[in-house]
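K.L.:
Please find upload-v9.txt (compact mmCIF, C-alpha atoms) on the next line:
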# COMPACT_ATOMS: atom_id res chain seq x y z
CA MET A 1 76.48 68.08 126.61
CA LYS A 2 72.86 67.72 127.72
CA LYS A 3 73.64 64.69 129.84
CA ILE A 4 76.58 66.42 131.52
CA VAL A 5 74.46 69.39 132.57
CA ILE A 6 71.68 67.12 133.83
CA ILE A 7 74.15 64.94 135.74
CA LEU A 8 75.79 68.01 137.31
CA GLY A 9 72.37 69.36 138.31
CA VAL A 10 71.36 66.03 139.84
CA LEU A 11 74.70 65.65 141.67
CA GLY A 12 74.50 69.21 142.98
CA THR A 13 70.98 68.60 144.26
CA ILE A 14 72.02 65.30 145.90
CA ILE A 15 75.05 66.90 147.56
CA PHE A 16 72.91 69.79 148.77
CA GLY A 17 70.36 67.27 150.07
CA ILE A 18 72.99 65.20 151.91
CA TYR A 19 74.43 68.35 153.46
CA ASN A 20 70.99 69.35 154.68
CA ILE A 21 70.26 65.84 156.03
CA ILE A 22 73.47 65.90 158.07
CA ASN A 23 73.08 69.46 159.36
CA ASN A 24 69.32 69.74 159.70
CA ASP A 25 67.43 67.22 161.82
CA ASP A 26 64.04 68.28 160.42
CA PHE A 27 65.17 68.09 156.82
CA LEU A 28 63.31 64.92 155.83
CA LYS A 29 59.96 66.11 157.13
CA ALA A 30 59.09 68.44 154.23
CA PRO A 31 62.07 69.55 152.15
CA LEU A 32 62.38 66.16 150.41
CA THR A 33 59.43 67.13 148.25
CA THR A 34 61.06 70.48 147.69
CA MET A 35 64.27 68.78 146.58
CA ILE A 36 62.36 66.58 144.17
CA SER A 37 60.58 69.65 142.81
CA ILE A 38 63.88 71.43 142.31
CA LEU A 39 65.34 68.40 140.56
CA VAL A 40 62.37 68.11 138.21
CA ALA A 41 62.48 71.86 137.52
CA ILE A 42 66.19 71.71 136.64
CA VAL A 43 65.78 68.78 134.27
CA LEU A 44 62.66 70.13 132.56
CA SER A 45 63.93 73.67 132.20
CA TYR A 46 67.17 72.47 130.66
CA PHE A 47 65.32 70.12 128.31
CA PHE A 48 62.96 72.81 127.03
CA THR A 49 65.73 75.40 126.73
CA GLN A 50 67.92 73.01 124.75
CA ARG A 51 65.04 72.05 122.49
CA LYS A 52 64.36 75.71 121.69
CA THR A 53 68.05 76.25 120.98
CA ASP A 54 68.10 73.29 118.58
CA ASP A 55 65.03 74.63 116.75
CA ARG A 56 66.58 78.08 116.50
CA ARG A 57 69.84 76.64 115.16
CA LYS A 58 67.94 74.68 112.51
CA MET A 59 66.08 77.83 111.42
CA GLU A 60 69.40 79.68 111.13
CA LYS A 61 70.76 76.94 108.88
CA ILE A 62 67.66 77.14 106.67
CA ASP A 63 67.99 80.93 106.56
CA ASN A 64 71.67 80.71 105.59
CA LEU A 65 70.89 78.20 102.84
CA LEU A 66 68.28 80.56 101.43
CA TYR A 67 70.83 83.38 101.41
CA LYS A 68 73.29 81.16 99.52
CA ILE A 69 70.65 80.41 96.90
CA GLN A 70 69.76 84.08 96.59
CA ASP A 71 73.41 85.02 96.17
CA ILE A 72 73.65 82.61 93.26
CA ILE A 73 70.45 83.60 91.47
CA LEU A 74 70.88 87.34 91.98
CA ASP A 75 74.32 87.32 90.40
CA LYS A 76 74.12 89.19 87.08
CA GLU A 77 75.82 86.28 85.34
CA PHE A 78 73.06 83.85 86.38
CA ILE A 79 70.78 84.74 83.46
CA VAL A 80 73.65 84.78 80.95
CA VAL A 81 74.09 81.49 79.08
CA GLN A 82 77.37 79.86 80.09
CA ASP A 83 78.91 76.41 79.97
CA SER A 84 78.87 76.10 83.76
CA ASP A 85 75.11 76.76 84.05
CA LEU A 86 74.12 73.11 84.38
CA ILE A 87 76.39 72.71 87.38
CA VAL A 88 74.98 75.84 88.99
CA HIS A 89 71.41 74.73 88.25
CA ARG A 90 72.10 71.32 89.78
CA SER A 91 73.56 72.99 92.87
CA ILE A 92 70.47 75.16 93.32
CA ALA A 93 68.20 72.15 92.79
CA ASN A 94 70.15 70.28 95.49
CA LYS A 95 69.86 73.21 97.88
CA ILE A 96 66.10 73.35 97.28
CA LYS A 97 65.93 69.62 97.98
CA TYR A 98 67.78 70.18 101.28
CA LEU A 99 65.29 72.91 102.16
CA LYS A 100 62.40 70.66 101.28
CA ASP A 101 63.76 67.83 103.41
CA ASN A 102 64.47 70.01 106.45
CA ALA A 103 61.95 72.84 106.44
CA PRO A 104 59.25 72.80 109.08
CA CYS A 105 55.73 71.93 107.95
CA ASP A 106 54.54 75.53 107.86
CA LEU A 107 57.22 76.37 105.24
CA LYS A 108 56.65 73.35 102.98
CA SER A 109 54.26 75.20 100.65
CA ASP A 110 56.76 78.06 100.20
CA VAL A 111 59.59 75.64 99.47
CA ASP A 112 57.31 73.85 96.98
CA ARG A 113 56.73 77.23 95.29
CA LEU A 114 60.49 77.76 95.12
CA GLU A 115 60.89 74.36 93.54
CA ASP A 116 58.11 75.03 91.00
CA ILE A 117 59.51 78.41 89.99
CA PHE A 118 63.00 77.01 89.60
CA GLU A 119 61.73 74.04 87.58
CA ASP A 120 59.87 76.46 85.28
CA TYR A 121 63.10 78.45 84.92
CA ARG A 122 65.09 75.31 84.13
CA LEU A 123 62.48 74.15 81.62
CA PHE A 124 62.52 77.51 79.84
CA TYR A 125 66.30 77.60 79.96
CA GLY A 126 66.63 74.00 78.75
CA GLU A 127 64.37 74.57 75.76
CA HIS A 128 66.18 77.67 74.55
CA TYR A 129 69.77 77.74 75.82
CA MET A 130 71.19 76.67 72.43
CA ASP A 131 69.65 79.74 70.77
CA LYS A 132 71.81 82.50 72.22
CA ASP A 133 69.91 85.25 70.34
CA TYR A 134 66.60 84.07 71.78
CA MET A 135 68.11 83.88 75.25
CA GLU A 136 69.48 87.40 74.88
CA LYS A 137 66.01 88.64 73.91
CA SER A 138 64.44 86.65 76.75
CA LYS A 139 66.45 88.24 79.57
CA LYS A 140 63.28 89.88 80.90
CA ASP A 141 61.56 86.50 81.09
CA LEU A 142 64.55 84.97 82.84
CA LEU A 143 64.76 87.94 85.19
CA ASN A 144 61.06 87.50 85.95
CA TYR A 145 61.72 83.93 87.14
CA VAL A 146 64.65 85.14 89.22
CA MET A 147 62.60 87.91 90.85
CA LYS A 148 59.72 85.53 91.65
CA PHE A 149 62.20 83.13 93.18
CA ASP A 150 63.83 85.92 95.18
CA ASP A 151 60.47 87.14 96.44
CA VAL A 152 59.55 83.69 97.73
CA CYS A 153 62.96 83.44 99.45
CA ASP A 154 62.32 86.81 101.12
CA SER A 155 58.91 85.61 102.22
CA ILE A 156 60.47 82.55 103.83
CA HIS A 157 63.11 84.72 105.54
CA MET A 158 60.35 86.79 107.10
CA ARG A 159 58.44 83.72 108.28
CA LEU A 160 61.55 82.36 109.94
CA LEU A 161 61.68 85.34 112.31
Is it possible to express this structure as structure tokens?
P.N.:
Amino acid sequence: MKKIVIILGVLGTIIFGIYNIINNDDFLKAPLTTMISILVAIVLSYFFTQRKTDDRRKMEKIDNLLYKIQDIILDKEFIVVQDSDLIVHRSIANKIKYLKDNAPCDLKSDVDRLEDIFEDYRLFYGEHYMDKDYMEKSKKDLLNYVMKFDDVCDSIHMRLL
């Protein structure tokens, strides 16, 4: 797509230049530099605009992934011990890994905090999930992990703006 736009811009400039050469005897005295300037401006402006669009699209993907994670952890069933928890935990861990691999440098520390909080949650969960009574009594502790995690996600959302 980028190449097509650049090629069309170059061809349009060349056609416009040829037209002016044929119809304007004084064309090559000064406007050649103007044509080169226009050509450079077209290419550079498209390049920088496309680069910004790519960055914005990447930030949207990161934002959407954070929302997916939040939807999972904020579900009331998340802190209830179930057979499918290990699959859900693995999915969240994978999503955090994707964030870590793709987040810009200024968000790395926040993603590391997410990873640490979730690992603490998984450690607590892994040590006690067999004792359903203990887990029932520990809902506040589990909810505390979830709220910390959610707060860091919200912080990242705000920094992505």
K.L.:
How close does stretch 17-66 of chain A get to stretch 87-110 of chain A? List, as a Markdown table, each residue of stretch 17-66 of chain A within 10 Å, its nearest atom pair and the distance in Å to one decimal, counting all atoms listed in the file.
P.N.:
| residue | atom | partner | partner_atom | distance |
| --- | --- | --- | --- | --- |
| A:Asp55 | CA | A:Pro104 | CA | 9.8 |
| A:Lys58 | CA | A:Asn102 | CA | 8.4 |
| A:Met59 | CA | A:Ala103 | CA | 8.2 |
| A:Lys61 | CA | A:Leu99 | CA | 9.6 |
| A:Ile62 | CA | A:Leu99 | CA | 6.6 |
| A:Asp63 | CA | A:Leu99 | CA | 9.5 |
| A:Leu65 | CA | A:Lys95 | CA | 7.1 |
| A:Leu66 | CA | A:Leu99 | CA | 8.2 |
K.L.:
Give the answer as one residue: which of A:Ile15, A:Leu161, A:Val146, A:Leu123 has the shortest atom-to-atom distance to A:Ile72, using all atoms listed in the file?
P.N.:
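Of A:Ile15, A:Leu161, A:Val146, A:Leu123, the one nearest A:Ile72 is A:Val146, counting all atoms listed in the file.
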K.L.:
Between atom CA of A:Leu143 and atom CA of A:Ile79, what distance in Å does the model show, to one decimal?
P.N.:
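Value for the atom CA of A:Leu143-atom CA of A:Ile79 distance: 7.0 Å.
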K.L.:
Tell me, as a list of chain:residue names, which residues lie within 7 Å of stretch 3-9 of chain A, counting only C-alpha atoms; anything in the same chain fewer than 3 positions away does not count.
P.N.:
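Near neighbours after the sequence-gap exclusion: A:Gly12, A:Thr13, A:Ile42, A:Val43.
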K.L.:
Generate a file of the selected residues that holds C-alpha atoms, formatted as an mmCIF file, in the frame of the given file.
P.N.:
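This went into selection03.cif:
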data_model
loop_
_atom_site.group_PDB
_atom_site.id
_atom_site.type_symbol
_atom_site.label_atom_id
_atom_site.label_comp_id
_atom_site.auth_asym_id
_atom_site.auth_seq_id
_atom_site.Cartn_x
_atom_site.Cartn_y
_atom_site.Cartn_z
ATOM 1 C CA GLY A 12 74.500 69.210 142.980
ATOM 2 C CA THR A 13 70.980 68.600 144.260
ATOM 3 C CA ILE A 42 66.190 71.710 136.640
ATOM 4 C CA VAL A 43 65.780 68.780 134.270
#
K.L.:
Restricting the calculation to all atoms listed in the file: of A:Phe149, A:Leu114, A:Ile22, A:Val81, which residue gets closest to A:Tyr129?
P.N.:
A:Val81
K.L.:
Give me, please, the distance in Å between atom CA of A:Tyr46 and atom CA of A:Tyr19, quoted to one decimal.
P.N.:
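Going from atom CA of A:Tyr46 over to atom CA of A:Tyr19, I get 24.3 Å.
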K.L.:
For a test of reading the model, state the distance in Å between atom CA of A:Ser37 and atom CA of A:Asp54, rounded to one decimal.
P.N.:
25.6 Å
K.L.:
Which is closer to A:Lys148 than all the others in A:Asp133, A:Thr49, A:Ile73, A:His128, using all atoms listed in the file?
P.N.:
A:Ile73
K.L.:
Which is closest to A:Val40 among A:Lys68, A:Lys132, A:Asp83, A:Val10, if we use all atoms listed in the file?
P.N.:
A:Val10
K.L.:
Determine the nearest neighbour of A:Val152 from the options A:Ile69, A:Met135, A:Ile38, A:Val80, counting all atoms listed in the file.
P.N.:
A:Ile69
K.L.:
Pick from A:Gly17, A:Met130, A:Phe48, A:Arg56: nearest to A:Thr33, with only C-alpha atoms counted?
P.N.:
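The shortest atom-to-atom distance to A:Thr33 comes from A:Gly17.
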